[in-house]
Amino acid sequence: MRTLARGISARSALLALAASTMMLGLAPDACLAQRYLPVFYSKALAIPEPMKVEWKASASFPLSGSTALVAPAGTSNQVRQIAADLKRLLRDLFATDPQLLFTDLIPEKNAIVLGTLEDSTALRDLFPNIPREQFGNFPDQGYVITSTPQRVVLIGRSAEGLKYGIQTLLQIIAPGISIGTYVVPPVEIVDFPATEMRALLLPFGSYRQLYQMAKIRELISVAQSLHMNTIILQVNDATIFDSAPTIARSGATHKDTLRAMVQYAREAGLEVIPLVSTLSQQGSLLCAAHPTLCLDENTYDPANPKVYAKLFGILDEVIEIFQPRYLHIGHDKVLAFLKMSEADAQRLFLSDVRKIYEHLKSRNVGTMMWADMLVHAQNCPGQENCHGFLGGIYTIIDSLPRDIVMVDAQYRQRSPDYPSMDFLLSKGFPVVGCVGSDTTTVNNFSKYAAERGVRVDGMIVAVWDWYKYAGMHTPTETIWRGAQAFWRGGIPPVDPTGRKTPPALRDINY
């Protein structure tokens with residue numbers, strides 16, 4: 001079983017797509033993902049671009065008042081609800097209100113057929129041109145779409161795969177010849193993600209203006225519409241905690257504000273993971289309010305038991321709000337260790353991680369952490385974010401529990417190789433990569449991680465300073481790049497003319 005195996009509500013995500021589409025006032029022939037499509041990419045088939053697309057030399061499938069939406073009789077309740085939500089979306093976005101049927105008598109014409117292989121393996125017979133063995137290796141989040149003039153068939157391996165297929169289907173629906181009509185172009189799509197967990201990391205700051213609260217919701221909606229499935233929210237002194245009210249900075253928000261944001265992301269079908277910086281980066285948590293607990297302005301003292309009385313109270317409140325499977329504990333670059341012996345630095349770092357790990361374990365929460373302090377330069381030649389030499393901390397890596405998820409953050413590493421990831425994998429840890437806004441790094445690291453297959457559990461795109469953007473400017477293009485790269489294992493070509501799109505369709509802005 002994969003370490004980060006998921007339990008996402010596909011139905012919630014589909015409802016979020018519909019709600020966001022209507023909330024943002026999109027035109028009937030647009031979809032949420034396309035709202036954030038860079039201008040130069042306006043003729044892409046869908047976002048993220050599917051893994052395999054084959055255009056057919058036939059007419060399109062017309063959506064009409066007599067179109068039926070059909071699923072097998074043995075369809076699960078979850079998929080039945082997804083089908084009902086799709087019916088409402090087709091009605092609201094494209095003025096098509098299909099009849100919803102649950103039957104094993106699949107119509108040959110004028111039908112949109114959907115389901116999952118979990119409910120019915122017989123559905124694979126609706127794809128005679130796709131080898132049966134390809135379905136045998138079909139990833140859980142994958143789906144297949146085929147469109148002919150007679151019918152459209154959409155099959156997911158699971159409910160989550162069906163959700164992603166519906167997101168793509170809604171994007172490829174195009175205006176018909178007559179005004180107010182819509183069609184599904186003749187195409188066969190086989191699609192699945194290169195990486196299981198695809199996450200957006202956002203710092204949760206103190207937001208006094210309503211547009212800022214709206215923007216963080218918008219960024220979450222953007223991530224959801226681009227097939228991302230996880231949100232990581234960094235929690236710091238911008239939230240007022242009952243157990244440590246004095247750490248709150250000016251303008252800090254109440255816990256209910258953070259709780260509402262967590263709920264918003266969860267209702268969008270996204271897993272939500274908190275990030276609470278521990279040990280280092282304490283200028284925005286403990287050290288400003290409690291300097292006597294700290295080695296310097298950025299590092300608390302792991303030898304002081306009063307630290308954990310404060311820290312564990314905060315962690316418990318965060319756990320109560322998030323109810324997470326994992327909590328990211330930070331632990332990146334600790335410069336304070338340069339001022340002590342390596343033996344003391346190693347002892348304190350290891351003790352701190354173990355104390356927090358055991359506390360989270362007692363709450364049935366797993367541990368994530370930055371990996372840079374555990375990787376020496378000799379294990380990541382040519383890379384920047386490897387700080388294991390600080391206090392010789394890299395020597396304690398074999399003493400850490402192997403179920404800690406190591407996050408390998410590389411923001412400006414432009415070479416095609418990332419030996420730091422291989423080193424962490426060789427030590428037996430689950431590994432997640434993390435990138436920022438640098439396009440080359442996003443592309444190269446995503447490709448490198450995807451080539452390692454199931455050994456890598458996911459990728460994160462971090463947008464650390466999103467809240468510094470003023471007015472309507474938000475880093476949606478950074479999220480778009482990350483979503484594309486994580487799904488595809490690298491960013492696909494920019495030029496849409498190289499994708500063998502039929503000439504008759506090249507002038508349609510999907």
# chains A, B, ... in the order shown; residues from 1 in each chain; ligands from 1
call {"tool": "residues_around", "arguments": {"residues": "Ala68 of chain A", "least_positions_apart": "6", "cutoff": "10 Å", "atoms": "only C-alpha atoms", "output": "list in words"}}
result
Lys87, Asp97, Pro98, Gln99, Leu100, Leu101, Pro107, Lys109, Asn110, Ala111, Ile112, Val113 and Arg151 of chain A
call {"tool": "write_last_selection", "arguments": {"atoms": "C-alpha atoms", "output": "mmCIF file, in the first residue's frame"}}
result
data_model
loop_
_atom_site.group_PDB
_atom_site.id
_atom_site.type_symbol
_atom_site.label_atom_id
_atom_site.label_comp_id
_atom_site.auth_asym_id
_atom_site.auth_seq_id
_atom_site.Cartn_x
_atom_site.Cartn_y
_atom_site.Cartn_z
ATOM 1 C CA LYS A 87 -26.335 16.062 -14.990
ATOM 2 C CA ASP A 97 -30.543 18.331 -19.325
ATOM 3 C CA PRO A 98 -29.963 14.614 -20.026
ATOM 4 C CA GLN A 99 -32.151 11.862 -18.644
ATOM 5 C CA LEU A 100 -30.255 9.990 -15.930
ATOM 6 C CA LEU A 101 -30.493 6.178 -16.210
ATOM 7 C CA PRO A 107 -27.661 2.552 -25.385
ATOM 8 C CA LYS A 109 -26.710 6.025 -29.587
ATOM 9 C CA ASN A 110 -27.271 9.466 -28.105
ATOM 10 C CA ALA A 111 -25.821 8.588 -24.686
ATOM 11 C CA ILE A 112 -23.061 9.634 -22.336
ATOM 12 C CA VAL A 113 -21.977 6.491 -20.486
ATOM 13 C CA ARG A 151 -22.050 8.239 -27.864
#
call {"tool": "select_by_dssp", "arguments": {"residues": "segment 350-384 of chain A", "states": "helix (DSSP H, G or I)", "output": "list in words"}}
result
Leu350, Ser351, Asp352, Val353, Arg354, Lys355, Ile356, Tyr357, Glu358, His359, Leu360, Lys361, Ser362, Asp372, Met373, Leu374, Ala377, Gln378 and Asn379 of chain A
call {"tool": "write_last_selection", "arguments": {"atoms": "C-alpha atoms", "output": "PDB file, in the first residue's frame"}}
result
ATOM      1  CA  LEU A 350      17.387  13.916  16.821  1.00  0.00           C
ATOM      2  CA  SER A 351      15.742  14.384  20.215  1.00  0.00           C
ATOM      3  CA  ASP A 352      13.499  17.140  18.870  1.00  0.00           C
ATOM      4  CA  VAL A 353      12.307  15.155  15.855  1.00  0.00           C
ATOM      5  CA  ARG A 354      11.629  12.072  17.962  1.00  0.00           C
ATOM      6  CA  LYS A 355       9.653  14.001  20.590  1.00  0.00           C
ATOM      7  CA  ILE A 356       7.436  15.624  17.970  1.00  0.00           C
ATOM      8  CA  TYR A 357       7.103  12.369  16.012  1.00  0.00           C
ATOM      9  CA  GLU A 358       5.976  10.463  19.124  1.00  0.00           C
ATOM     10  CA  HIS A 359       3.553  13.217  20.107  1.00  0.00           C
ATOM     11  CA  LEU A 360       1.954  13.197  16.647  1.00  0.00           C
ATOM     12  CA  LYS A 361       1.883   9.395  16.618  1.00  0.00           C
ATOM     13  CA  SER A 362      -0.009   9.415  19.922  1.00  0.00           C
ATOM     14  CA  ASP A 372      17.593  19.498   3.642  1.00  0.00           C
ATOM     15  CA  MET A 373      19.222  19.066   7.090  1.00  0.00           C
ATOM     16  CA  LEU A 374      19.585  15.331   6.448  1.00  0.00           C
ATOM     17  CA  ALA A 377      26.489  18.059  -0.247  1.00  0.00           C
ATOM     18  CA  GLN A 378      28.257  14.826  -1.197  1.00  0.00           C
ATOM     19  CA  ASN A 379      24.827  13.214  -1.671  1.00  0.00           C
TER      20      ASN A 379
END
call {"tool": "residues_around", "arguments": {"residues": "Phe429 of chain A", "least_positions_apart": "5", "cutoff": "8 Å", "atoms": "only C-alpha atoms", "output": "PDB file with N, CA and C atoms, in the first residue's frame"}}
result
ATOM      1  N   ARG A 402      11.385   5.329   9.819  1.00  0.00           N
ATOM      2  CA  ARG A 402      11.322   5.272   8.360  1.00  0.00           C
ATOM      3  C   ARG A 402       9.948   5.638   7.789  1.00  0.00           C
ATOM      4  N   ASP A 403       8.956   5.875   8.643  1.00  0.00           N
ATOM      5  CA  ASP A 403       7.658   6.294   8.114  1.00  0.00           C
ATOM      6  C   ASP A 403       7.498   7.815   8.094  1.00  0.00           C
ATOM      7  N   ILE A 404       8.551   8.555   8.434  1.00  0.00           N
ATOM      8  CA  ILE A 404       8.513  10.007   8.262  1.00  0.00           C
ATOM      9  C   ILE A 404       8.590  10.317   6.773  1.00  0.00           C
ATOM     10  N   VAL A 405       7.682  11.156   6.288  1.00  0.00           N
ATOM     11  CA  VAL A 405       7.680  11.546   4.877  1.00  0.00           C
ATOM     12  C   VAL A 405       8.679  12.679   4.695  1.00  0.00           C
ATOM     13  N   MET A 406       9.715  12.439   3.896  1.00  0.00           N
ATOM     14  CA  MET A 406      10.749  13.435   3.650  1.00  0.00           C
ATOM     15  C   MET A 406      10.375  14.299   2.444  1.00  0.00           C
ATOM     16  N   LEU A 424      17.511   9.947  -0.464  1.00  0.00           N
ATOM     17  CA  LEU A 424      16.443   9.757   0.521  1.00  0.00           C
ATOM     18  C   LEU A 424      15.681   8.460   0.273  1.00  0.00           C
TER      19      LEU A 424
END
call {"tool": "residues_around", "arguments": {"residues": "segment 241-248 of chain A", "least_positions_apart": "6", "cutoff": "10 Å", "atoms": "only C-alpha atoms", "output": "short mmCIF file (atom, residue, chain, number, x, y, z; two decimals) with C-alpha atoms, in the first residue's frame"}}
result
data_model
loop_
_atom_site.label_atom_id
_atom_site.label_comp_id
_atom_site.auth_asym_id
_atom_site.auth_seq_id
_atom_site.Cartn_x
_atom_site.Cartn_y
_atom_site.Cartn_z
CA SER A 206 -3.42 37.28 8.69
CA HIS A 254 -9.09 33.55 15.19
CA LYS A 255 -9.01 29.80 14.79
CA SER A 284 7.05 33.54 13.16
CA LEU A 285 6.06 31.20 15.97
CA LEU A 286 7.70 30.98 19.42
CA CYS A 287 10.81 33.14 19.51
CA ALA A 288 9.34 36.61 19.02
CA ALA A 289 7.07 36.23 22.07
CA HIS A 290 9.32 33.90 24.14
CA ALA A 309 4.67 22.66 26.73
CA LYS A 310 4.02 25.54 24.34
CA LEU A 311 4.65 23.68 21.10
CA PHE A 312 2.51 20.62 21.81
CA GLY A 313 -0.39 22.81 22.87
CA ILE A 314 -0.25 24.55 19.50
CA LEU A 315 0.11 21.26 17.61
CA ASP A 316 -2.90 19.80 19.42
CA GLU A 317 -5.03 22.80 18.45
CA VAL A 318 -3.90 22.51 14.84
#
call {"tool": "residues_around", "arguments": {"residues": "Ala485 of chain A", "least_positions_apart": "4", "cutoff": "8 Å", "atoms": "only C-alpha atoms", "output": "ChimeraX atom specification"}}
result
/A:442-443,446-447,481,489-492
call {"tool": "write_last_selection", "arguments": {"atoms": "N, CA and C atoms", "output": "CSV table (one decimal), in the first residue's frame"}}
result
chain,number,residue,atom,x,y,z
A,442,VAL,N,10.7,23.3,-12.1
A,442,VAL,CA,9.4,22.6,-12.0
A,442,VAL,C,9.3,21.5,-13.0
A,443,ASN,N,9.8,21.8,-14.2
A,443,ASN,CA,9.7,20.8,-15.3
A,443,ASN,C,10.7,19.6,-15.0
A,446,SER,N,9.9,17.5,-11.7
A,446,SER,CA,8.7,16.7,-11.9
A,446,SER,C,9.0,15.5,-12.8
A,447,LYS,N,9.8,15.7,-13.8
A,447,LYS,CA,10.1,14.6,-14.8
A,447,LYS,C,11.0,13.6,-14.0
A,481,ARG,N,1.6,25.8,-13.8
A,481,ARG,CA,2.8,25.0,-14.2
A,481,ARG,C,3.0,23.8,-13.3
A,489,GLY,N,4.3,14.6,-15.5
A,489,GLY,CA,5.7,14.2,-15.3
A,489,GLY,C,6.6,15.1,-16.1
A,490,GLY,N,6.3,16.4,-16.1
A,490,GLY,CA,7.0,17.4,-16.9
A,490,GLY,C,6.0,18.3,-17.6
A,491,ILE,N,6.3,19.5,-17.9
A,491,ILE,CA,5.4,20.4,-18.6
A,491,ILE,C,5.4,20.1,-20.1
A,492,PRO,N,4.2,19.9,-20.7
A,492,PRO,CA,4.1,19.5,-22.1
A,492,PRO,C,4.5,20.7,-23.0
call {"tool": "decode", "arguments": {"residues": "segment 64-193 of chain A", "atoms": "C-alpha atoms", "output": "PDB file, in the first residue's frame"}}
result
ATOM      1  CA  SER A  64     -29.271  17.607 -27.154  1.00  0.00           C
ATOM      2  CA  GLY A  65     -32.418  17.430 -25.118  1.00  0.00           C
ATOM      3  CA  SER A  66     -32.734  13.718 -25.887  1.00  0.00           C
ATOM      4  CA  THR A  67     -29.198  12.826 -24.702  1.00  0.00           C
ATOM      5  CA  ALA A  68     -29.179  10.181 -21.969  1.00  0.00           C
ATOM      6  CA  LEU A  69     -26.668  10.000 -19.109  1.00  0.00           C
ATOM      7  CA  VAL A  70     -26.218   6.294 -18.348  1.00  0.00           C
ATOM      8  CA  ALA A  71     -24.407   4.278 -15.665  1.00  0.00           C
ATOM      9  CA  PRO A  72     -24.572   0.521 -14.957  1.00  0.00           C
ATOM     10  CA  ALA A  73     -27.254  -0.738 -12.584  1.00  0.00           C
ATOM     11  CA  GLY A  74     -24.627  -1.894 -10.054  1.00  0.00           C
ATOM     12  CA  THR A  75     -23.071   1.546  -9.755  1.00  0.00           C
ATOM     13  CA  SER A  76     -22.081   2.566  -6.217  1.00  0.00           C
ATOM     14  CA  ASN A  77     -23.945   5.302  -4.388  1.00  0.00           C
ATOM     15  CA  GLN A  78     -20.906   7.581  -4.640  1.00  0.00           C
ATOM     16  CA  VAL A  79     -20.756   7.279  -8.423  1.00  0.00           C
ATOM     17  CA  ARG A  80     -24.558   7.643  -8.653  1.00  0.00           C
ATOM     18  CA  GLN A  81     -24.234  10.964  -6.877  1.00  0.00           C
ATOM     19  CA  ILE A  82     -21.376  12.001  -9.184  1.00  0.00           C
ATOM     20  CA  ALA A  83     -23.595  11.189 -12.165  1.00  0.00           C
ATOM     21  CA  ALA A  84     -26.389  13.316 -10.714  1.00  0.00           C
ATOM     22  CA  ASP A  85     -23.961  16.195 -10.197  1.00  0.00           C
ATOM     23  CA  LEU A  86     -22.731  15.885 -13.799  1.00  0.00           C
ATOM     24  CA  LYS A  87     -26.335  16.062 -14.990  1.00  0.00           C
ATOM     25  CA  ARG A  88     -26.742  19.369 -13.152  1.00  0.00           C
ATOM     26  CA  LEU A  89     -23.457  20.689 -14.535  1.00  0.00           C
ATOM     27  CA  LEU A  90     -24.468  19.884 -18.120  1.00  0.00           C
ATOM     28  CA  ARG A  91     -27.739  21.657 -17.522  1.00  0.00           C
ATOM     29  CA  ASP A  92     -26.225  24.744 -15.897  1.00  0.00           C
ATOM     30  CA  LEU A  93     -23.215  25.158 -18.195  1.00  0.00           C
ATOM     31  CA  PHE A  94     -24.455  23.890 -21.550  1.00  0.00           C
ATOM     32  CA  ALA A  95     -28.259  24.063 -21.365  1.00  0.00           C
ATOM     33  CA  THR A  96     -28.450  20.282 -21.820  1.00  0.00           C
ATOM     34  CA  ASP A  97     -30.543  18.331 -19.325  1.00  0.00           C
ATOM     35  CA  PRO A  98     -29.963  14.614 -20.026  1.00  0.00           C
ATOM     36  CA  GLN A  99     -32.151  11.862 -18.644  1.00  0.00           C
ATOM     37  CA  LEU A 100     -30.255   9.990 -15.930  1.00  0.00           C
ATOM     38  CA  LEU A 101     -30.493   6.178 -16.210  1.00  0.00           C
ATOM     39  CA  PHE A 102     -28.970   3.341 -14.184  1.00  0.00           C
ATOM     40  CA  THR A 103     -29.191   0.241 -16.349  1.00  0.00           C
ATOM     41  CA  ASP A 104     -27.047  -2.527 -17.788  1.00  0.00           C
ATOM     42  CA  LEU A 105     -28.706  -2.006 -21.181  1.00  0.00           C
ATOM     43  CA  ILE A 106     -26.198   0.543 -22.478  1.00  0.00           C
ATOM     44  CA  PRO A 107     -27.661   2.552 -25.385  1.00  0.00           C
ATOM     45  CA  GLU A 108     -25.760   2.465 -28.655  1.00  0.00           C
ATOM     46  CA  LYS A 109     -26.710   6.025 -29.587  1.00  0.00           C
ATOM     47  CA  ASN A 110     -27.271   9.466 -28.105  1.00  0.00           C
ATOM     48  CA  ALA A 111     -25.821   8.588 -24.686  1.00  0.00           C
ATOM     49  CA  ILE A 112     -23.061   9.634 -22.336  1.00  0.00           C
ATOM     50  CA  VAL A 113     -21.977   6.491 -20.486  1.00  0.00           C
ATOM     51  CA  LEU A 114     -19.979   6.743 -17.282  1.00  0.00           C
ATOM     52  CA  GLY A 115     -18.831   4.498 -14.477  1.00  0.00           C
ATOM     53  CA  THR A 116     -15.807   2.992 -12.760  1.00  0.00           C
ATOM     54  CA  LEU A 117     -13.958  -0.276 -13.119  1.00  0.00           C
ATOM     55  CA  GLU A 118     -14.377  -0.714  -9.361  1.00  0.00           C
ATOM     56  CA  ASP A 119     -18.127  -1.036  -9.968  1.00  0.00           C
ATOM     57  CA  SER A 120     -18.029  -2.977 -13.230  1.00  0.00           C
ATOM     58  CA  THR A 121     -15.005  -4.460 -14.990  1.00  0.00           C
ATOM     59  CA  ALA A 122     -17.283  -5.146 -17.966  1.00  0.00           C
ATOM     60  CA  LEU A 123     -17.138  -1.453 -18.810  1.00  0.00           C
ATOM     61  CA  ARG A 124     -13.709  -1.997 -20.356  1.00  0.00           C
ATOM     62  CA  ASP A 125     -15.478  -3.792 -23.209  1.00  0.00           C
ATOM     63  CA  LEU A 126     -16.771  -0.383 -24.331  1.00  0.00           C
ATOM     64  CA  PHE A 127     -13.189   0.419 -25.394  1.00  0.00           C
ATOM     65  CA  PRO A 128     -12.410  -2.287 -27.978  1.00  0.00           C
ATOM     66  CA  ASN A 129      -9.350  -0.433 -29.323  1.00  0.00           C
ATOM     67  CA  ILE A 130      -7.601  -0.265 -25.949  1.00  0.00           C
ATOM     68  CA  PRO A 131      -5.783  -3.514 -25.031  1.00  0.00           C
ATOM     69  CA  ARG A 132      -7.242  -5.229 -22.002  1.00  0.00           C
ATOM     70  CA  GLU A 133      -3.814  -5.460 -20.371  1.00  0.00           C
ATOM     71  CA  GLN A 134      -3.585  -1.660 -20.400  1.00  0.00           C
ATOM     72  CA  PHE A 135      -6.627  -1.561 -18.122  1.00  0.00           C
ATOM     73  CA  GLY A 136      -4.888  -4.061 -15.861  1.00  0.00           C
ATOM     74  CA  ASN A 137      -2.211  -1.487 -15.076  1.00  0.00           C
ATOM     75  CA  PHE A 138      -4.583   1.453 -15.017  1.00  0.00           C
ATOM     76  CA  PRO A 139      -3.720   3.803 -12.094  1.00  0.00           C
ATOM     77  CA  ASP A 140      -6.438   4.479  -9.516  1.00  0.00           C
ATOM     78  CA  GLN A 141      -6.719   8.126 -10.536  1.00  0.00           C
ATOM     79  CA  GLY A 142      -6.816   7.391 -14.270  1.00  0.00           C
ATOM     80  CA  TYR A 143      -9.679   7.519 -16.730  1.00  0.00           C
ATOM     81  CA  VAL A 144     -10.546   6.916 -20.373  1.00  0.00           C
ATOM     82  CA  ILE A 145     -12.817   8.978 -22.630  1.00  0.00           C
ATOM     83  CA  THR A 146     -13.917   8.061 -26.106  1.00  0.00           C
ATOM     84  CA  SER A 147     -16.269  10.169 -28.208  1.00  0.00           C
ATOM     85  CA  THR A 148     -17.968   9.106 -31.432  1.00  0.00           C
ATOM     86  CA  PRO A 149     -20.959  10.606 -33.262  1.00  0.00           C
ATOM     87  CA  GLN A 150     -23.124   7.993 -31.509  1.00  0.00           C
ATOM     88  CA  ARG A 151     -22.050   8.239 -27.864  1.00  0.00           C
ATOM     89  CA  VAL A 152     -19.483   9.377 -25.318  1.00  0.00           C
ATOM     90  CA  VAL A 153     -18.003   6.884 -22.839  1.00  0.00           C
ATOM     91  CA  LEU A 154     -16.131   7.994 -19.713  1.00  0.00           C
ATOM     92  CA  ILE A 155     -14.708   5.333 -17.403  1.00  0.00           C
ATOM     93  CA  GLY A 156     -12.549   5.890 -14.323  1.00  0.00           C
ATOM     94  CA  ARG A 157     -10.581   3.227 -12.540  1.00  0.00           C
ATOM     95  CA  SER A 158     -12.046   4.664  -9.327  1.00  0.00           C
ATOM     96  CA  ALA A 159     -14.410   7.456  -8.324  1.00  0.00           C
ATOM     97  CA  GLU A 160     -11.459   9.827  -8.122  1.00  0.00           C
ATOM     98  CA  GLY A 161     -10.401   8.922 -11.657  1.00  0.00           C
ATOM     99  CA  LEU A 162     -13.974   9.494 -12.798  1.00  0.00           C
ATOM    100  CA  LYS A 163     -13.853  12.973 -11.217  1.00  0.00           C
ATOM    101  CA  TYR A 164     -10.756  13.901 -13.221  1.00  0.00           C
ATOM    102  CA  GLY A 165     -12.336  12.515 -16.377  1.00  0.00           C
ATOM    103  CA  ILE A 166     -15.412  14.687 -15.851  1.00  0.00           C
ATOM    104  CA  GLN A 167     -13.204  17.748 -15.372  1.00  0.00           C
ATOM    105  CA  THR A 168     -11.589  16.991 -18.740  1.00  0.00           C
ATOM    106  CA  LEU A 169     -14.915  16.239 -20.431  1.00  0.00           C
ATOM    107  CA  LEU A 170     -16.318  19.608 -19.364  1.00  0.00           C
ATOM    108  CA  GLN A 171     -13.285  21.305 -20.905  1.00  0.00           C
ATOM    109  CA  ILE A 172     -13.449  19.603 -24.304  1.00  0.00           C
ATOM    110  CA  ILE A 173     -17.131  20.368 -24.879  1.00  0.00           C
ATOM    111  CA  ALA A 174     -17.170  22.976 -27.642  1.00  0.00           C
ATOM    112  CA  PRO A 175     -19.745  25.218 -29.339  1.00  0.00           C
ATOM    113  CA  GLY A 176     -21.635  23.539 -32.167  1.00  0.00           C
ATOM    114  CA  ILE A 177     -22.420  24.967 -35.590  1.00  0.00           C
ATOM    115  CA  SER A 178     -25.743  26.414 -34.470  1.00  0.00           C
ATOM    116  CA  ILE A 179     -25.886  29.142 -31.839  1.00  0.00           C
ATOM    117  CA  GLY A 180     -26.539  27.728 -28.381  1.00  0.00           C
ATOM    118  CA  THR A 181     -25.570  24.150 -29.268  1.00  0.00           C
ATOM    119  CA  TYR A 182     -22.617  22.153 -27.975  1.00  0.00           C
ATOM    120  CA  VAL A 183     -20.683  19.082 -29.077  1.00  0.00           C
ATOM    121  CA  VAL A 184     -18.041  16.677 -27.796  1.00  0.00           C
ATOM    122  CA  PRO A 185     -15.252  16.454 -30.424  1.00  0.00           C
ATOM    123  CA  PRO A 186     -14.329  13.001 -31.804  1.00  0.00           C
ATOM    124  CA  VAL A 187     -11.424  11.949 -29.608  1.00  0.00           C
ATOM    125  CA  GLU A 188     -10.017   9.117 -27.510  1.00  0.00           C
ATOM    126  CA  ILE A 189      -8.231  10.047 -24.283  1.00  0.00           C
ATOM    127  CA  VAL A 190      -6.269   7.732 -22.004  1.00  0.00           C
ATOM    128  CA  ASP A 191      -5.151   9.722 -18.997  1.00  0.00           C
ATOM    129  CA  PHE A 192      -3.598   9.149 -15.585  1.00  0.00           C
ATOM    130  CA  PRO A 193      -1.241  11.088 -13.305  1.00  0.00           C
TER     131      PRO A 193
END
